[in-house]
Structures are given as structure tokens and as C-alpha cells.
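A short worksheet on the structure shown next.
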Amino acid sequence: MEKKAQMEILGLAIVVVLVLIATIFVVRFILLKTPVNYRQGFVSAELASNTLNTFLKTTAADCSLLTMTELLQDCAQSEELSCRGIESLNSCKYVNDTMKGILAQTLEKWSIKYEFLAYVESSRPLIRLSNPENPCPADKRSKIFPIPIKSGTMYVKLGIC
Amino acid sequence: MNKRAFEIQFNWLFVLIAGAAILMFFTVIIVKQKGVSETYAKSTVLKSVESIINSASVTTDTVKKEEIPASSIEIGCNRISVGRVSRQYQNLVLFAPQATNGEDIIWQTMGFNVPYRAANFLYITSQQVRYIIIGDSDLSKEINRSLPSELNKGFYSASGTSQIKNNNDQKIRFVIVSNARNAPDASYLQKFQKMKDSDVTAIVFSGNSEKGTIDFYRKKENIWEKEGHSMYIGKAAFIGAVYSDSKELYECSMKNAFSRLRIVNKVYIEKTTKLKNDISNPSCNYQAALEELELIGDSSILDPATLDIGQFQSKINNLVSASKSLSDENKELQRYSCPLVY
Amino acid sequence: MKNAQIQIGETIAVLFVFFILITIGFIFYSKVIRSNIEIEKDELSQLQSIAAAQKVLFMPELQCSEENIIVDSCIDLMKLRALSRDTIRKENELHYYDLFGFSSIEITQAYPSQPGAYILYSKPLAGARSKFVTNIPMGLYDAADRTRKFGILKIETFIS
């Protein structure tokens, strides 16, 4: 009689243990599943590319209708061009100020950290804009656009954290 | 002894009743869950088709073959359904057979240009449908070239139709190009007599790649029964007629395409008016382009199903002519380095 | 007899407890399924937001083109002005509901800076639980002076 009761209790205990194991699996793989963030992935991948692509094709408002690409080429080469707005600006300063203004209305407004560089040699950038001063040194999505110049190639890079 | 026997019988009876109750309970749960899973699978297929429709609006001149769970997709006017799961649209421009079965979808997109891009046409079919193209003219060759190689298709000259064999396809669509506008030859049906009437259809084209008429036919036992006739304008529309196995679906999609054309045309009229007012260069003549755009707007057919063939033909002719003139005007503007209309 | 009655009672009690456990399990399972559906709904809304952004950039009534050759990531400013006019926008609202559902689409000009925005489509969802905002930079081409400006496409997708 005693042994039969003990066997029954053991049987119940085994069932309870099995149910517990099944519950652990359900909780781990179904309840704690992290939702996929499609939008974030798409936006991060496209943002640097779209921003840079659009900027390079933008026409300077008061600089003889030249594009930003042409101004950057001048900035890397001879710096002969000057843009007349409120004050006389050379091409490098003009591009620097324009990009700063655009990034303030876009990436900074959306609380996105970035680093913008225009250079012929990466160790001596012609233009450097970043927010904050040293954004993510490692985990960055970058887009680089090469621009041909007389002496070779210059690069424009936008990195987004 | 009686008591014991009574006890045993009652115990068994109880076991039977309780067991049946438990089994029924679980059976109900399983059947309900099966229904839910089937609905989920169908909605997954529907989501795939919806994403294809979304892709079509951003890509043009694209062909793709996609694997899907085995299902039957029914396409109606502004409606797509997979079993009991369906999706309604306001202005769906989609050319496809009324029912597509199988484990794959082949989709193709093409721009509808009159002469500017007004819409992207989406065509859907499957490997289960066989397209038999018959003709000797340039139009028949153009149709064959425009249909993707992924399709189950065959091209035959008018004199070579004896080579057509029955390959046990699920559906057959004859595409016949003939200026005579005669009904298809009844001898085509000889090898497909055992197939269901609704699975064998034909379309007869008469015209050129710019415009023409189309006659829809369906198999009725051993003869062809005419479903109706319509018209097409441009390559995108005649390819649409090849894919649509019913006149209703073709005209529904064309009505939606013309609706899109009217919207795009209104935008171009506003743009051209602004250019006319802002550009002072006398070589830049926007008045002619504006007139052609107005004519395109007037000729955009509201509903092909409500027009008689004479009115339809007149509007199509006006549309083709205005489209050509606008294209010439745009080239003229380009020659004089003026901002283009499109 | 009493033993048998106790036995029956015991069996009935076991069955009763068993069915209660099954019911509890079922309630738990349906709660899990419901939360999965909410997650899928969110993912679907995200995909709809991305799809809406792609569709706007490829609409023939907005796209930049040169003799029907499409220019990437560019919206024609004259077409945009025409399409965002109140009368035309309201006329097309039903037509665009297919494409954009419950969302709000506007384009602003960031450089040269211009106040205000071009509202392309606006159909917010009353009592929306939350919304996704997607911002995409793109060019705005002015055919009159052939200049290209820096614009931002903003799409708000509402979730019920």
C-alpha cells in the first residue's frame, strides 16, 4: 500500500518536472523573443548614403550655381573659387558651413551621432564635422564617395553611429 | 457477485463517457488549431503577393520567379484572395489569370508610358499556365520577346500549329495575332478537349505595337465562345491582355491605369503651365505641349466597359496621337536646352 | 459500496483538476499568441513605413526624369508643388489610401532653408497607439532654374 502511494507520488512529480521544463522552453523562445527592427536597419543603412548622395548633387545657393561636388573639387585643388553671400567665402569654408547647417537640421535634430570628412589623405582632412567631438570610433555605418580631381581622387565620407 | 459485476460495468461505462469527453475536447482544439494554422499560412501567401505589388510600384522592367507555399490565388477586380483571406484595393493595376495555382509565382513589371511614365503595370502568373503564341507578324514576335523566358510559353507560326502538343498543363492561353479578327481556329482545341472549359482561353490581337483591338475567347466544349472585345494602347497594355484571361479583369486594371494617368497628367499640366509662365526664352514653346497634355487628359478613358467601341477607338486614337506629339515637343525643348516637360 | 463511491469521487476529482489545468494552459497559450500577434503587427507597420518611403520616391507624379529616364533619389519641385496643393491633395486622398494607409507624408526643404512643408498626404489614425517616423534626405529639383535643393521626406506611420 505504501509503495503504491509512493509510486503514484513519484509519477506526479515526474509530470510536474516535465511541465516545468516545457514552460521554461516556451518562456525562453517565445515570450522572450526580441522583435525584429526592420525599420532601424533600413534607415541606418540608407541614411549615410542618401544624405551624402543628396548633398553632393545639391546646387550652392549663392555660388554661381555650382554643385557641392564641384566646390569640393575646387577645395581639394586650387581654392580659386569664392562664393558671394553675406561675406566672401572660399569653396572649402562654403562647403563646411553648408554641410554644418544641413547636418544641424537633419542628423543632429534626429539625435544621430555622425562624423563627416572630406579628404585627399585621410590623415589630413580638408573638412571635418562631427557630433559629438569623438563619436563611436568602432561601431559605425559609413558611406564613402570618391570624387575625381586633377591630382588623383578625393573622398567624402559620412559615418553614422 | 452481482454487486461486483454491476461495479465493473459501471466503471467501464464511466471510463467510456469520460474518455469520449476528453477525446472530443482535444479533437475540437486540434480542429480549431488546424483552421487557425491554415488561415495563417494563407495570410502569409497573401502578404507575399502584397509585397510583390509594393515592389511593382518601385521597379520597372523587372522579372522574378518566387516560391510560395502551394496555394490557389484568386484575382478579381481590385481584389486578391487566398482561400478565405482576401485584400481589397482602390486602384489595383494587376494583370493575371483569375486563378493561379501552384508553388511558384512569376511576376513582371513594365512601365505604362503615354509618353511619360504614368504607372507601372504588374503581371502575375505561374508555371502552370502555358502560353501558346501564334502569328507571323512583328507584333507576335514582339509579344514573344516581351514575355519572360521563365514563362511556360511556345511560339508557332500560323502554318505550324500542327506542332502544338498537349503537355498536360493546368491552363492553356492561346495568344493569336491576326489582322483579320477572326475567331481562333476550332482545330486548336482538338488536343485540349478533355480540359475544363474555364482552363482554356484565347485572345486575338489585331493592330500594331501602338494600338489595336483585342477579342477574348473561352473554350466551350469543342468551339470557341467569344467573351467580348476591347482595345489596347502601347506595349504594356497588350502584354496585360496576354496575362489577363478575362475581359473584366483586363478592363478593370486598364480603368485603374487611366485613373492614374489622369492624376499624373494633371501634375504635368500644372508643371508645364508654371514653366510657360516662368521661362522667358522665346525658343521654349510650352503652349503646344500644354495643348497635347490637355488632349491626353480628355482622352483618358473613365471606364472602358461603359464605352461603345466607336467612342473607345476615338479616344485611343486621340491618346496615341497626343502622346506622339508631346514626345516630339519634349525633344524640341531638349534641342533648345529648355527645361523639359518630362 | 462506500469504497466504490470514494473511488468514483476520486476519479471525478482528478478529471476536474485535469480540465482546470488544461484550461489554465490554454489561457496562457492564448496570451502568448496574442503578444506574438502584437509583435507581428509592429513589424508589419515598420515594413509599411519603409514601403511608403520607397513608393513616394518612385511615384511618376513626383519623380525627376529627363526624357523618361528616371533620376534617382530626386523629386521634381514643380510636380511636388502641384501635388501638394490643397484641392489636388484632397481629390487624390482616396486614391493614395491604397498606397499609404494611415500615415502622414510631408517634404521640407533644408537647403536653401525654407520655412513650411509640402504636405503630400495626411490621414492620421484617431486614437493611434503610437507612430513611426522615418526621415529620408532626397534632392528637390527645380526645373525653372535647374538647381537642386536638399530636401527631407518625412513619413509618419500610425499604429492602432
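To be explicit about the labels: the chains of the C-alpha cells are called A, B, and onward in the order shown, and within each one the residues are counted from 1, while ligands get numbers from 1 in the order they are shown.
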Shell of 7 Å around region 62-65 of chain C, only C-alpha atoms, local chain residues under 4 positions omitted, as a VMD selection string: (chain B and resid 342) or (chain C and resid 57 to 58 69 to 71 74 to 76 79 to 80)
Report the closest atom pair, with its distance in Å rounded to one decimal, for each residue of chain A that has an atom no farther than 6 Å from chain C; count only C-alpha atoms, sort by chain and then rising residue number, and write it as a Markdown table.
```
| residue | atom | partner | partner_atom | distance |
| --- | --- | --- | --- | --- |
| A:Arg39 | CA | C:Gln46 | CA | 5.5 |
| A:Asn50 | CA | C:Pro137 | CA | 5.9 |
| A:Thr51 | CA | C:Pro137 | CA | 5.5 |
| A:Thr54 | CA | C:Gly139 | CA | 5.4 |
| A:Thr58 | CA | C:Arg148 | CA | 4.9 |
| A:Thr59 | CA | C:Arg148 | CA | 5.1 |
```
Quick one: residues within 12 Å of Ala104 (chain A), only C-alpha atoms counted, chain neighbours fewer than 5 positions away excluded, as an mmCIF file with C-alpha atoms, in the first residue's frame?
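Dumped everything to result_1.cif:
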```cif
data_model
loop_
_atom_site.group_PDB
_atom_site.id
_atom_site.type_symbol
_atom_site.label_atom_id
_atom_site.label_comp_id
_atom_site.auth_asym_id
_atom_site.auth_seq_id
_atom_site.Cartn_x
_atom_site.Cartn_y
_atom_site.Cartn_z
ATOM 1 C CA ASP A 97 29.256 75.914 -43.447
ATOM 2 C CA THR A 98 26.596 74.498 -45.770
ATOM 3 C CA MET A 99 27.112 70.922 -44.588
ATOM 4 C CA LYS A 109 17.852 67.126 -34.976
ATOM 5 C CA TRP A 110 17.204 63.346 -35.079
ATOM 6 C CA SER A 111 19.781 62.792 -32.291
ATOM 7 C CA ILE A 112 22.072 60.770 -34.541
ATOM 8 C CA LYS A 113 25.837 60.884 -33.941
ATOM 9 C CA TYR A 114 27.936 61.335 -37.051
ATOM 10 C CA LEU A 129 32.463 67.849 -38.878
ATOM 11 C CA SER A 130 31.341 65.622 -36.064
ATOM 12 C CA ASN A 131 28.763 65.449 -33.324
ATOM 13 C CA ALA C 110 16.508 72.029 -45.656
ATOM 14 C CA TYR C 111 18.860 73.876 -48.018
ATOM 15 C CA SER C 113 16.391 76.828 -45.897
#
```
Run DSSP on the backbone of this structure and report the residues of region 195-301 of chain B it assigns to alpha helix (DSSP H), as a VMD selection string. chain B and resid 235 to 243 247 to 278 287 to 299
Chain C residues near chain B (7 Å cut-off, only C-alpha atoms) as number ranges by chain: C: 51, 54-55, 58, 60-61, 65-68, 78-79, 82-83, 95, 98, 143-144
Go through B:Pro97, B:Asp185, B:Pro148, B:Gly111 and flag the residue nearest Arg173 (chain B), using only C-alpha atoms for the distances.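 With only C-alpha atoms as the atom set, the closest residue is B:Pro97.
Contact shell of Leu71 (chain A) at 8 Å (only C-alpha atoms; same-chain neighbours under 4 positions omitted): Leu66, Thr67, Cys75, Leu81, Ser91, Cys92 and Val95 of chain A.
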Next, dump the selected residues to file, keeping only N, CA and C atoms, as a PDB file, in the first residue's frame.
```
ATOM      1  N   LEU A  66      27.072  76.323 -58.851  1.00  0.00           N
ATOM      2  CA  LEU A  66      27.925  75.128 -58.845  1.00  0.00           C
ATOM      3  C   LEU A  66      27.380  74.121 -57.867  1.00  0.00           C
ATOM      4  N   THR A  67      27.672  72.833 -58.116  1.00  0.00           N
ATOM      5  CA  THR A  67      27.225  71.812 -57.166  1.00  0.00           C
ATOM      6  C   THR A  67      28.268  71.671 -56.055  1.00  0.00           C
ATOM      7  N   CYS A  75      38.006  72.884 -53.645  1.00  0.00           N
ATOM      8  CA  CYS A  75      38.589  72.910 -52.296  1.00  0.00           C
ATOM      9  C   CYS A  75      39.836  72.030 -52.229  1.00  0.00           C
ATOM     10  N   LEU A  81      37.915  79.374 -56.389  1.00  0.00           N
ATOM     11  CA  LEU A  81      36.554  79.897 -56.381  1.00  0.00           C
ATOM     12  C   LEU A  81      36.239  80.589 -55.069  1.00  0.00           C
ATOM     13  N   SER A  91      35.766  78.118 -51.303  1.00  0.00           N
ATOM     14  CA  SER A  91      34.951  76.909 -51.531  1.00  0.00           C
ATOM     15  C   SER A  91      34.955  75.998 -50.316  1.00  0.00           C
ATOM     16  N   CYS A  92      36.116  75.849 -49.663  1.00  0.00           N
ATOM     17  CA  CYS A  92      36.196  74.943 -48.502  1.00  0.00           C
ATOM     18  C   CYS A  92      35.284  75.434 -47.382  1.00  0.00           C
ATOM     19  N   VAL A  95      31.510  75.019 -48.308  1.00  0.00           N
ATOM     20  CA  VAL A  95      31.022  73.636 -48.173  1.00  0.00           C
ATOM     21  C   VAL A  95      30.904  73.275 -46.694  1.00  0.00           C
TER      22      VAL A  95
END
```
Close residues, region 82-84 of chain B itself excluded, 10 Å, only C-alpha atoms, min 4 positions apart in chain, as a list in words: Glu38, Thr39, Ala41, Lys42, Ser43, Thr44, Val45, Leu46, Val49, Ser71, Ser72, Ile73, Glu74, Ile75, Ala99 and Thr100 of chain B
From the options B:Ser209, B:Ser140, B:Ser126, B:Gln9, which residue's atoms come nearest to Ile172 (chain B), counting only C-alpha atoms? B:Ser126
Please measure the separation of CA of Gln108 (chain B) and CA of Val129 (chain B), giving the value in Å to one decimal.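 Interatomic distance, CA of Gln108 (chain B) to CA of Val129 (chain B): 14.8 Å.
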Distance of CA of Val36 (chain B) from CA of Phe25 (chain A), expressed in Å to one decimal place: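 Computing it gives 22.7 Å between the two atoms.
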Among chain C, which residues carry a DSSP assignment of strand (DSSP E), reported as a PyMOL selection string? chain C and resi 63-66+69-76+103-111+118-122+130-142+147-159
If we count only C-alpha atoms, what is near region 231-238 of chain B at a cut-off of 8 Å, once residues fewer than 4 positions away on the same chain are taken out, given as a list in words? Met110, Gly111, Phe112, Asn113, Phe121, Ser209, Glu210, Lys211, Gly212, Thr213, Ile214, Val242, Met254, Phe312, Gln313, Ile316 and Val320 of chain B
